[in-house]
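Dropping query-v3.txt in here (compact mmCIF, C-alpha atoms and all ligand atoms):
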# COMPACT_ATOMS: atom_id res chain seq x y z
CA MET A 1 0.00 0.00 0.00
CA ASN A 2 0.93 3.65 -0.39
CA SER A 3 3.69 4.57 2.06
CA LYS A 4 3.77 8.28 1.30
CA PRO A 5 2.89 10.37 4.38
CA SER A 6 -0.75 11.05 5.01
CA ILE A 7 -1.86 14.52 3.94
CA TYR A 8 -4.03 14.55 7.08
CA GLY A 9 -0.84 14.98 9.13
CA LEU A 10 -0.52 18.63 8.09
CA THR A 11 -2.06 21.52 9.96
CA LEU A 12 -3.55 24.22 7.74
CA ASP A 13 -0.49 26.40 8.42
CA ALA A 14 1.89 23.57 7.61
CA LEU A 15 0.02 22.90 4.36
CA SER A 16 0.20 26.59 3.39
CA GLY A 17 3.92 26.63 4.13
CA TRP A 18 4.50 23.43 2.17
CA LEU A 19 2.66 24.80 -0.86
CA THR A 20 4.69 28.03 -0.80
CA GLU A 21 7.95 26.06 -0.57
CA HIS A 22 6.86 24.08 -3.62
CA GLY A 23 6.05 27.13 -5.72
CA GLU A 24 2.29 27.02 -5.27
CA LYS A 25 -0.01 29.77 -4.03
CA LYS A 26 -0.52 29.72 -0.29
CA SER A 27 -4.24 30.33 -0.84
CA ARG A 28 -4.69 26.88 -2.38
CA ALA A 29 -4.32 25.44 1.11
CA SER A 30 -7.87 26.45 2.06
CA HIS A 31 -9.28 24.76 -1.08
CA ILE A 32 -7.41 21.56 -0.29
CA TRP A 33 -8.47 21.79 3.35
CA GLU A 34 -12.09 22.18 2.34
CA ALA A 35 -11.85 19.22 -0.01
CA LEU A 36 -10.38 17.13 2.81
CA TYR A 37 -12.68 18.03 5.65
CA THR A 38 -15.90 19.45 4.16
CA ALA A 39 -16.26 17.56 0.86
CA ARG A 40 -14.32 14.65 2.41
CA ALA A 41 -12.61 13.67 -0.84
CA THR A 42 -11.29 10.13 -0.95
CA GLU A 43 -9.18 10.66 -4.11
CA PHE A 44 -7.10 13.68 -5.16
CA GLU A 45 -9.12 13.79 -8.42
CA GLN A 46 -12.17 14.81 -6.40
CA MET A 47 -10.51 18.10 -5.39
CA THR A 48 -12.09 19.96 -8.27
CA ALA A 49 -11.21 23.43 -6.98
CA VAL A 50 -7.48 22.58 -7.11
CA ASN A 51 -5.61 22.87 -10.41
CA ALA A 52 -4.04 19.84 -12.12
CA ALA A 53 -0.40 20.84 -11.50
CA CYS A 54 -1.02 21.28 -7.78
CA LEU A 55 -2.86 17.96 -7.62
CA ASP A 56 0.11 16.25 -9.30
CA LEU A 57 2.38 17.76 -6.69
CA LEU A 58 0.18 16.55 -3.85
CA ARG A 59 -0.10 13.08 -5.39
CA GLU A 60 3.67 12.90 -5.70
CA HIS A 61 4.28 13.67 -2.02
CA PHE A 62 1.24 12.57 -0.05
CA SER A 63 -1.36 9.88 0.33
CA LEU A 64 -5.05 10.39 1.02
CA ASN A 65 -5.57 6.82 2.17
CA THR A 66 -2.75 5.20 4.10
CA MET A 67 -4.98 2.58 5.74
CA THR A 68 -7.68 0.12 4.74
CA GLU A 69 -10.58 -1.34 6.61
CA PHE A 70 -9.65 -4.93 7.46
CA VAL A 71 -12.58 -5.96 9.64
CA LYS A 72 -15.59 -4.04 10.91
CA GLN A 73 -17.85 -5.19 13.74
CA GLU A 74 -21.16 -3.49 14.45
CA ALA A 75 -22.80 -4.01 17.83
CA SER A 76 -26.52 -3.88 18.52
CA ASP A 77 -26.09 -0.66 20.54
CA GLY A 78 -24.57 1.12 17.52
CA THR A 79 -20.94 0.76 18.61
CA VAL A 80 -18.73 0.05 15.60
CA LYS A 81 -15.25 -1.35 15.91
CA PHE A 82 -12.86 -0.95 12.99
CA LEU A 83 -9.75 -3.04 12.57
CA LEU A 84 -7.59 -1.00 10.21
CA GLN A 85 -4.52 -2.11 8.31
CA LEU A 86 -1.74 0.44 7.93
CA HIS A 87 0.52 0.77 4.89
CA ASP A 88 3.16 -1.45 6.56
CA GLY A 89 0.64 -4.22 7.31
CA SER A 90 0.22 -3.33 11.01
CA LEU A 91 -3.26 -3.58 12.48
CA ILE A 92 -4.85 -1.00 14.75
CA GLU A 93 -8.30 -0.51 16.26
CA THR A 94 -10.65 2.46 16.18
CA VAL A 95 -14.07 2.49 17.82
CA LEU A 96 -17.19 4.58 17.22
CA MET A 97 -19.41 4.90 20.29
CA ARG A 98 -22.85 6.46 20.33
CA LYS A 99 -23.22 8.50 23.49
CA LYS A 100 -26.07 10.65 24.75
CA TYR A 101 -24.00 13.74 24.04
CA GLY A 102 -22.84 12.78 20.55
CA LEU A 103 -20.71 10.45 18.47
CA SER A 104 -17.39 9.67 20.06
CA VAL A 105 -14.39 8.02 18.42
CA CYS A 106 -11.70 6.19 20.38
CA VAL A 107 -8.39 6.40 18.52
CA THR A 108 -5.17 4.42 18.67
CA THR A 109 -1.81 6.21 18.91
CA GLN A 110 0.75 3.40 18.67
CA VAL A 111 1.14 -0.01 17.06
CA GLY A 112 1.27 -2.15 20.21
CA CYS A 113 2.05 -0.75 23.64
CA ASN A 114 4.97 -0.93 26.09
CA ILE A 115 3.11 0.08 29.23
CA GLY A 116 2.32 -3.52 30.15
CA CYS A 117 -1.07 -3.30 31.85
CA SER A 118 -1.67 -6.88 32.92
CA PHE A 119 -5.39 -6.85 32.04
CA CYS A 120 -5.05 -5.41 28.54
CA ALA A 121 -5.23 -7.33 25.27
CA SER A 122 -3.34 -4.51 23.50
CA GLY A 123 -0.44 -4.61 25.91
CA LEU A 124 0.34 -8.20 24.90
CA ILE A 125 1.91 -6.92 21.73
CA LYS A 126 4.96 -4.70 22.25
CA LYS A 127 5.04 -1.34 20.58
CA SER A 128 6.54 -1.59 17.11
CA ARG A 129 6.11 2.07 16.23
CA ASP A 130 4.31 5.33 16.92
CA LEU A 131 1.49 6.40 14.66
CA THR A 132 1.95 9.67 12.83
CA ALA A 133 -0.50 12.50 13.45
CA GLY A 134 -1.89 11.85 9.96
CA GLU A 135 -2.60 8.22 10.80
CA VAL A 136 -4.52 9.26 13.90
CA VAL A 137 -6.54 11.89 11.99
CA GLU A 138 -7.25 9.29 9.30
CA GLN A 139 -8.93 7.07 11.90
CA ILE A 140 -11.42 9.88 12.53
CA MET A 141 -11.90 10.32 8.78
CA THR A 142 -12.53 6.57 8.35
CA VAL A 143 -15.32 6.77 10.91
CA GLN A 144 -16.67 10.01 9.42
CA ARG A 145 -16.80 8.39 5.97
CA TYR A 146 -18.66 5.42 7.49
CA LEU A 147 -21.22 7.89 8.90
CA ASP A 148 -21.37 9.75 5.57
CA ALA A 149 -22.10 6.48 3.75
CA ALA A 150 -25.03 5.85 6.11
CA GLY A 151 -26.50 9.12 4.82
CA SER A 152 -27.79 10.35 8.18
CA GLY A 153 -25.72 13.53 8.18
CA ASP A 154 -24.14 12.50 11.50
CA LYS A 155 -20.78 13.95 12.44
CA VAL A 156 -18.08 12.82 14.83
CA THR A 157 -18.44 15.20 17.78
CA ASN A 158 -16.08 13.81 20.43
CA ILE A 159 -12.72 12.08 20.57
CA VAL A 160 -11.19 9.91 23.27
CA VAL A 161 -7.51 9.13 22.90
CA MET A 162 -7.82 5.83 24.76
CA GLY A 163 -7.19 3.17 22.13
CA ILE A 164 -4.05 1.07 21.74
CA GLY A 165 -0.85 2.76 22.94
CA GLU A 166 0.28 5.40 25.42
CA PRO A 167 -0.43 8.79 23.83
CA PHE A 168 2.14 10.59 26.00
CA ASP A 169 4.80 8.21 24.67
CA ASN A 170 4.01 9.71 21.24
CA PHE A 171 3.72 13.28 22.49
CA GLU A 172 4.67 15.36 19.44
CA HIS A 173 2.36 13.51 17.09
CA LEU A 174 -0.41 13.67 19.68
CA ILE A 175 -0.15 17.46 19.97
CA ASN A 176 -0.09 17.83 16.20
CA PHE A 177 -3.15 15.58 15.91
CA LEU A 178 -5.04 17.67 18.49
CA GLU A 179 -4.22 20.85 16.61
CA ILE A 180 -5.50 19.40 13.32
CA VAL A 181 -8.82 18.03 14.61
CA LYS A 182 -9.58 21.22 16.55
CA ASP A 183 -9.13 23.52 13.54
CA ARG A 184 -12.42 25.38 13.08
CA LYS A 185 -12.11 25.26 9.30
CA GLY A 186 -11.64 21.49 9.39
CA LEU A 187 -13.17 18.88 11.67
CA ALA A 188 -13.78 21.60 14.25
CA ILE A 189 -13.91 19.27 17.24
CA ALA A 190 -13.60 21.56 20.25
CA ALA A 191 -10.84 20.84 22.77
CA LYS A 192 -13.42 20.38 25.53
CA ARG A 193 -14.90 17.51 23.51
CA ILE A 194 -11.59 15.64 23.49
CA THR A 195 -10.13 13.51 26.28
CA VAL A 196 -6.57 12.19 26.35
CA SER A 197 -5.97 9.22 28.61
CA THR A 198 -2.51 8.40 29.95
CA SER A 199 -1.13 5.62 32.10
CA GLY A 200 0.65 8.41 34.01
CA ILE A 201 4.00 9.67 32.69
CA PRO A 202 4.77 12.52 35.12
CA ASP A 203 6.95 14.80 32.94
CA LYS A 204 4.44 14.56 30.08
CA ILE A 205 1.53 15.37 32.41
CA ARG A 206 3.44 18.54 33.34
CA ALA A 207 4.16 19.33 29.69
CA PHE A 208 0.48 18.83 28.84
CA ALA A 209 -0.50 21.19 31.68
CA ASP A 210 1.93 23.81 30.34
CA LEU A 211 0.19 23.76 26.93
CA GLY A 212 -2.79 25.52 28.47
CA THR A 213 -5.20 23.44 26.39
CA GLN A 214 -8.89 22.90 27.21
CA THR A 215 -8.52 19.22 26.25
CA HIS A 216 -9.49 16.92 29.14
CA LEU A 217 -6.99 14.66 30.83
CA ALA A 218 -7.72 11.19 32.21
CA ILE A 219 -5.24 9.11 34.18
CA SER A 220 -5.34 5.32 34.48
CA LEU A 221 -4.89 4.68 38.17
CA HIS A 222 -6.37 1.21 38.82
CA ALA A 223 -4.94 0.90 42.36
CA PRO A 224 -4.37 3.13 45.40
CA ASN A 225 -0.94 1.76 46.44
CA ASN A 226 2.32 0.88 44.73
CA GLU A 227 2.30 -2.83 45.50
CA LEU A 228 -1.08 -3.36 43.87
CA ARG A 229 -0.56 -0.85 41.07
CA THR A 230 2.74 -2.43 40.05
CA ARG A 231 1.00 -5.81 39.87
CA ILE A 232 -1.63 -4.34 37.56
CA MET A 233 0.53 -1.85 35.62
CA LYS A 234 4.23 -2.48 35.10
CA ILE A 235 4.80 1.22 34.44
CA ASN A 236 4.25 1.91 38.14
CA ARG A 237 7.80 0.64 38.78
CA ALA A 238 9.19 3.54 36.77
CA PHE A 239 6.60 6.10 37.88
CA PRO A 240 5.26 5.19 41.32
CA ILE A 241 2.11 6.73 42.75
CA GLU A 242 3.99 9.48 44.69
CA LYS A 243 5.57 10.78 41.47
CA LEU A 244 2.28 10.50 39.63
CA MET A 245 0.44 12.43 42.33
CA ASP A 246 3.10 15.17 42.28
CA ALA A 247 2.43 15.58 38.56
CA VAL A 248 -1.34 15.59 39.19
CA ARG A 249 -0.85 18.35 41.78
CA TYR A 250 1.16 20.35 39.23
CA TYR A 251 -1.54 19.80 36.56
CA LEU A 252 -4.34 20.96 38.84
CA ASP A 253 -2.40 23.97 40.17
CA THR A 254 -1.33 25.03 36.68
CA THR A 255 -4.59 24.55 34.81
CA GLY A 256 -7.33 24.72 37.44
CA ARG A 257 -9.08 22.17 35.25
CA ARG A 258 -10.85 19.00 36.30
CA ILE A 259 -9.10 15.66 36.02
CA MET A 260 -10.50 12.17 35.59
CA PHE A 261 -9.03 8.99 37.09
CA GLU A 262 -9.83 5.70 35.37
CA TYR A 263 -10.12 2.66 37.62
CA ILE A 264 -10.72 -0.77 36.13
CA LEU A 265 -12.46 -3.03 38.64
CA LEU A 266 -10.91 -6.53 38.77
CA SER A 267 -12.75 -9.07 40.87
CA GLU A 268 -11.06 -9.73 44.22
CA VAL A 269 -7.94 -7.89 43.08
CA ASN A 270 -8.70 -4.18 43.53
CA ASP A 271 -12.46 -4.07 44.13
CA GLY A 272 -12.71 -4.52 47.92
CA ARG A 273 -14.19 -1.94 50.31
CA GLU A 274 -10.81 -1.49 52.07
CA THR A 275 -9.19 -0.73 48.72
CA ALA A 276 -11.96 1.79 48.00
CA ALA A 277 -11.26 3.46 51.38
CA GLU A 278 -7.54 3.59 50.56
CA LEU A 279 -8.37 5.13 47.19
CA ALA A 280 -10.57 7.74 48.89
CA ASP A 281 -7.61 8.62 51.17
CA LEU A 282 -5.32 9.01 48.18
CA LEU A 283 -7.72 11.25 46.23
CA ASP A 284 -9.07 13.20 49.19
CA GLU A 285 -6.88 16.26 48.56
CA PHE A 286 -8.04 16.41 44.92
CA LYS A 287 -11.73 15.86 45.43
CA GLU A 288 -12.81 19.36 44.37
CA LEU A 289 -11.42 18.83 40.87
CA ALA A 290 -11.11 15.08 40.47
CA SER A 291 -13.60 12.41 39.54
CA ILE A 292 -13.15 8.70 39.22
CA ASN A 293 -14.55 6.52 36.48
CA LEU A 294 -15.07 2.94 37.64
CA ILE A 295 -14.84 0.51 34.74
CA PRO A 296 -16.13 -3.03 35.30
CA TYR A 297 -13.60 -5.35 33.62
CA ASN A 298 -14.49 -6.92 30.28
CA PRO A 299 -12.94 -10.42 30.52
CA VAL A 300 -10.65 -11.43 27.63
CA ASP A 301 -9.35 -14.94 26.88
CA GLU A 302 -5.76 -13.68 27.06
CA HIS A 303 -6.07 -12.74 30.74
CA SER A 304 -8.02 -15.52 32.39
CA GLN A 305 -6.54 -14.55 35.79
CA TYR A 306 -8.93 -11.59 35.90
CA GLN A 307 -12.68 -11.78 36.29
CA ARG A 308 -15.42 -9.21 36.26
CA SER A 309 -16.40 -7.80 39.64
CA THR A 310 -19.79 -8.82 40.98
CA ALA A 311 -22.59 -6.24 41.00
CA GLU A 312 -22.35 -6.19 44.84
CA ALA A 313 -18.62 -5.45 44.72
CA ILE A 314 -19.12 -2.65 42.19
CA ASP A 315 -21.91 -1.10 44.28
CA GLY A 316 -19.90 -1.47 47.48
CA PHE A 317 -16.83 0.18 45.98
CA TYR A 318 -18.90 3.04 44.59
CA ASP A 319 -20.67 3.54 47.94
CA VAL A 320 -17.42 3.87 49.88
CA LEU A 321 -16.17 6.55 47.48
CA LYS A 322 -19.47 8.43 47.49
CA LYS A 323 -19.64 8.43 51.29
CA ARG A 324 -16.17 9.94 51.35
CA GLY A 325 -17.28 12.73 48.97
CA ILE A 326 -15.34 11.43 45.96
CA ASN A 327 -17.10 12.09 42.68
CA ALA A 328 -17.45 8.63 41.10
CA THR A 329 -19.29 7.14 38.13
CA VAL A 330 -19.58 3.60 36.81
CA ARG A 331 -18.85 3.49 33.08
CA MET A 332 -21.66 2.42 30.79
CA GLU A 333 -20.56 -0.38 28.52
CA HIS A 334 -20.49 -0.28 24.76
CA GLY A 335 -20.51 -3.05 22.22
CA THR A 336 -20.78 -5.96 24.61
CA ASP A 337 -21.85 -8.28 21.76
CA ILE A 338 -18.63 -7.64 19.79
CA ASP A 339 -14.95 -7.86 20.77
CA ALA A 340 -15.41 -4.84 22.97
CA ALA A 341 -12.27 -4.78 25.11
CA CYS A 342 -9.47 -2.59 23.83
CA GLY A 343 -7.16 -4.60 21.58
CA GLN A 344 -9.35 -7.70 21.64
CA LEU A 345 -10.29 -7.63 17.97
CA ARG A 346 -6.70 -7.00 16.94
CA SER A 347 -5.19 -9.71 19.10
CA LYS A 348 -7.84 -12.19 17.95
CA GLN A 349 -7.07 -11.40 14.32
CA MET A 350 -3.33 -11.75 14.88
CA LYS A 351 -3.83 -15.09 16.61
CA ASN A 352 -5.95 -16.33 13.72
CA GLU A 353 -3.15 -15.36 11.39
CA GLY A 354 -0.57 -17.14 13.55
CA THR A 355 1.20 -13.91 14.53
CA ALA A 356 3.06 -14.26 17.82
CA VAL A 357 0.94 -13.14 20.72
CA SER A 358 2.64 -14.05 24.01
S1 LIG B 1 -4.36 -0.29 28.83
FE1 LIG B 1 -3.54 1.23 27.39
S2 LIG B 1 -1.57 1.78 28.32
FE2 LIG B 1 -2.16 -0.15 29.27
S3 LIG B 1 -1.17 -1.75 27.99
FE3 LIG B 1 -3.26 -1.41 27.22
S4 LIG B 1 -3.00 0.07 25.54
FE4 LIG B 1 -1.15 0.17 26.83
Encoding of this model in structure tokens:
Amino acid sequence: MNSKPSIYGLTLDALSGWLTEHGEKKSRASHIWEALYTARATEFEQMTAVNAACLDLLREHFSLNTMTEFVKQEASDGTVKFLLQLHDGSLIETVLMRKKYGLSVCVTTQVGCNIGCSFCASGLIKKSRDLTAGEVVEQIMTVQRYLDAAGSGDKVTNIVVMGIGEPFDNFEHLINFLEIVKDRKGLAIAAKRITVSTSGIPDKIRAFADLGTQTHLAISLHAPNNELRTRIMKINRAFPIEKLMDAVRYYLDTTGRRIMFEYILLSEVNDGRETAAELADLLDEFKELASINLIPYNPVDEHSQYQRSTAEAIDGFYDVLKKRGINATVRMEHGTDIDAACGQLRSKQMKNEGTAVS
């Protein structure tokens, strides 16, 4: 497949600059931009407002489609999971979720992941490379084209950067991606409709705070102490809870914005009332600005050591937090009749193909 860089990786300014450097009028950038994001051209030929010489130039240097749809699963609740194949053959996942507030897309930022969360199907496959900003934008465009084909006039309204990979381990491309999707002349997805989720890399949390963006931040916590968190997330060895909480303090002091903690509930591992009380102690100082999203575990074949918490355990955990004044929610599930857990579709496909999955 075409290995030229994706044209979606350019901001409008970068596109203008590139055109000028290549002897074209800067003003053509807005025509190309409109063809990409309003007309949603799938071939350069469809950019009818752009002259032939400029189209040749674009064709020579860029690709409009660097990925293909490999598998698509549609759930009865409207969730759609896309398994996409990149130009180098790698597979990634992108998910469309229908929420009360709009249509949200969960994007992938890396091929594989090095964070090593012990419950995650994606983490079984080591990171082989970062995605470019263009490849992340193209995931949104793939979903938008799917919606366009349905003819309902629906538009992607929200983005969660929570798919395969650690977005803060691909920081530059992430920031470029955010700039592109927020552009009012393009996809125009407002920063406050975007959430970036990190496993907790302290210096990148600080750098993100310093950007002064309105984009929401979520942190995968999953345990209130180092012993348990290291068991669940290998990254805690490098960045223990004390360092993570220092970075959270910096983020809250610098931005004054709210922060979300993600907590996956694993039966009889981290879902006891005592653990909930310990979590309430840890988050007590942040409770004005922090909320915690409790996520009942979606069992996957690859991690048979983990089971879903019982309804009583989920309720009990939630109650302890609520009584302590911690703002908590239990995440609604999406796509339970398809391979809903992150990375599940990809790892299943790779297994079927005999690709090594440890
Ligand atoms: S949960 Fe996210 S950060 Fe953890 S291994 Fe899976 S993809 Fe990586």
- [ ] For range 263-276 of chain A, work out the shell of residues within 10 Å, counting only C-alpha atoms and skipping chain neighbours fewer than 6 positions away, then give it as JSON, numbers by chain.
- [x] {"A": [119, 219, 220, 221, 222, 223, 224, 225, 228, 229, 231, 232, 282, 292, 293, 294, 295, 296, 297, 298, 299, 305, 306, 307, 308, 309, 310, 313, 314, 315, 316, 317, 318, 319, 320, 321, 324, 330, 331]}
Go through chain A and flag each residue having an atom no more than 8 Å from ligand LIG 1 (chain B); for those, report the closest pair of atoms plus their distance in Å to one decimal, using all atoms listed in the file, ordered by chain and rising number, as CSV.
residue,atom,partner,partner_atom,distance
A:Gly112,CA,B:LIG1,S4,7.2
A:Cys113,CA,B:LIG1,FE4,4.6
A:Asn114,CA,B:LIG1,FE4,6.3
A:Ile115,CA,B:LIG1,S3,4.8
A:Gly116,CA,B:LIG1,S3,4.5
A:Cys117,CA,B:LIG1,S3,4.2
A:Ser118,CA,B:LIG1,S3,7.1
A:Phe119,CA,B:LIG1,S1,7.4
A:Cys120,CA,B:LIG1,FE3,4.6
A:Ala121,CA,B:LIG1,FE3,6.5
A:Ser122,CA,B:LIG1,FE3,4.8
A:Gly123,CA,B:LIG1,S3,3.6
A:Leu124,CA,B:LIG1,S3,7.3
A:Met162,CA,B:LIG1,FE1,6.8
A:Gly163,CA,B:LIG1,S4,6.2
A:Ile164,CA,B:LIG1,S4,4.1
A:Gly165,CA,B:LIG1,S4,4.3
A:Glu166,CA,B:LIG1,S2,5.0
A:Thr198,CA,B:LIG1,S2,6.9
A:Ser199,CA,B:LIG1,S2,5.4
A:Met233,CA,B:LIG1,FE2,7.1
A:Cys342,CA,B:LIG1,FE3,7.2
A:Gly343,CA,B:LIG1,S4,7.4
If you take only C-alpha atoms and a cut-off of 8 Å, which residues of range 4-67 of chain A touch range 134-151 of chain A, and what are their nearest atom pairs and distances in Å to one decimal, in chain and number order, as CSV?
residue,atom,partner,partner_atom,distance
A:Pro5,CA,A:Gly134,CA,7.5
A:Ser6,CA,A:Gly134,CA,5.1
A:Ile7,CA,A:Gly134,CA,6.6
A:Tyr8,CA,A:Gly134,CA,4.5
A:Gly9,CA,A:Gly134,CA,3.4
A:Leu10,CA,A:Gly134,CA,7.2
A:Arg40,CA,A:Arg145,CA,7.6
A:Asn65,CA,A:Glu138,CA,7.7
A:Thr66,CA,A:Glu135,CA,7.4
A:Met67,CA,A:Glu138,CA,7.9
Go ahead and save the residues from that selection, with C-alpha atoms, as a short mmCIF file (atom, residue, chain, number, x, y, z; two decimals), keeping the file's coordinate frame.
data_model
loop_
_atom_site.label_atom_id
_atom_site.label_comp_id
_atom_site.auth_asym_id
_atom_site.auth_seq_id
_atom_site.Cartn_x
_atom_site.Cartn_y
_atom_site.Cartn_z
CA PRO A 5 2.89 10.37 4.38
CA SER A 6 -0.75 11.05 5.01
CA ILE A 7 -1.86 14.52 3.94
CA TYR A 8 -4.03 14.55 7.08
CA GLY A 9 -0.84 14.98 9.13
CA LEU A 10 -0.52 18.63 8.09
CA ARG A 40 -14.32 14.65 2.41
CA ASN A 65 -5.57 6.82 2.17
CA THR A 66 -2.75 5.20 4.10
CA MET A 67 -4.98 2.58 5.74
#
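Across A:Asp183, A:Glu302, A:Glu34, A:Asp130, the tightest approach to Asp13 in chain A is made by A:Asp183 when counting all atoms listed in the file.
Using all atoms listed in the file, the smallest distance between any of A:Glu69, A:Asp253, A:Val50, A:Glu24 and Leu83 in chain A comes from A:Glu69.
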Open item on the list: What does the structure give for the distance between CA of Leu15 in chain A and CA of Leu57 in chain A, in Å to one decimal?
Closed with: 12.4 Å
Open item on the list: Please compute the CA of Thr195 in chain A-CA of Leu217 in chain A distance, one decimal, in Å.
Closed with: 5.6 Å
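Put simply, CA of Thr94 in chain A is 26.5 Å away from CA of Asn236 in chain A.
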TODO: Dig up all the protein and nucleic acid residues within 12 Å of (5.6, 14.6, 30.6) in the file frame, using all atoms listed in the file, and format them as a PyMOL selection string.
DONE: chain A and resi 166-172+198-211+239+243-244+246-248+250-251
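Checking A:Lys185, A:Met332, A:Arg129, A:Glu45 one by one against Lys99 in chain A, counting only C-alpha atoms, you find the shortest gap at A:Met332.
When all atoms listed in the file are used to compute distances to Thr329 in chain A, the closest of the residues A:Glu43, A:Glu262, A:Glu312, A:Glu60 turns out to be A:Glu262.
Distance check against Lys126 in chain A using all atoms listed in the file: of A:Ala218, A:Ile259, A:Val111, A:Leu91, the minimum falls on A:Val111.
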Task: Selected residue, from A:Met260, A:Val181, A:Leu252, A:Ile175, that lies nearest to His216 in chain A when counting only C-alpha atoms - done: A:Met260
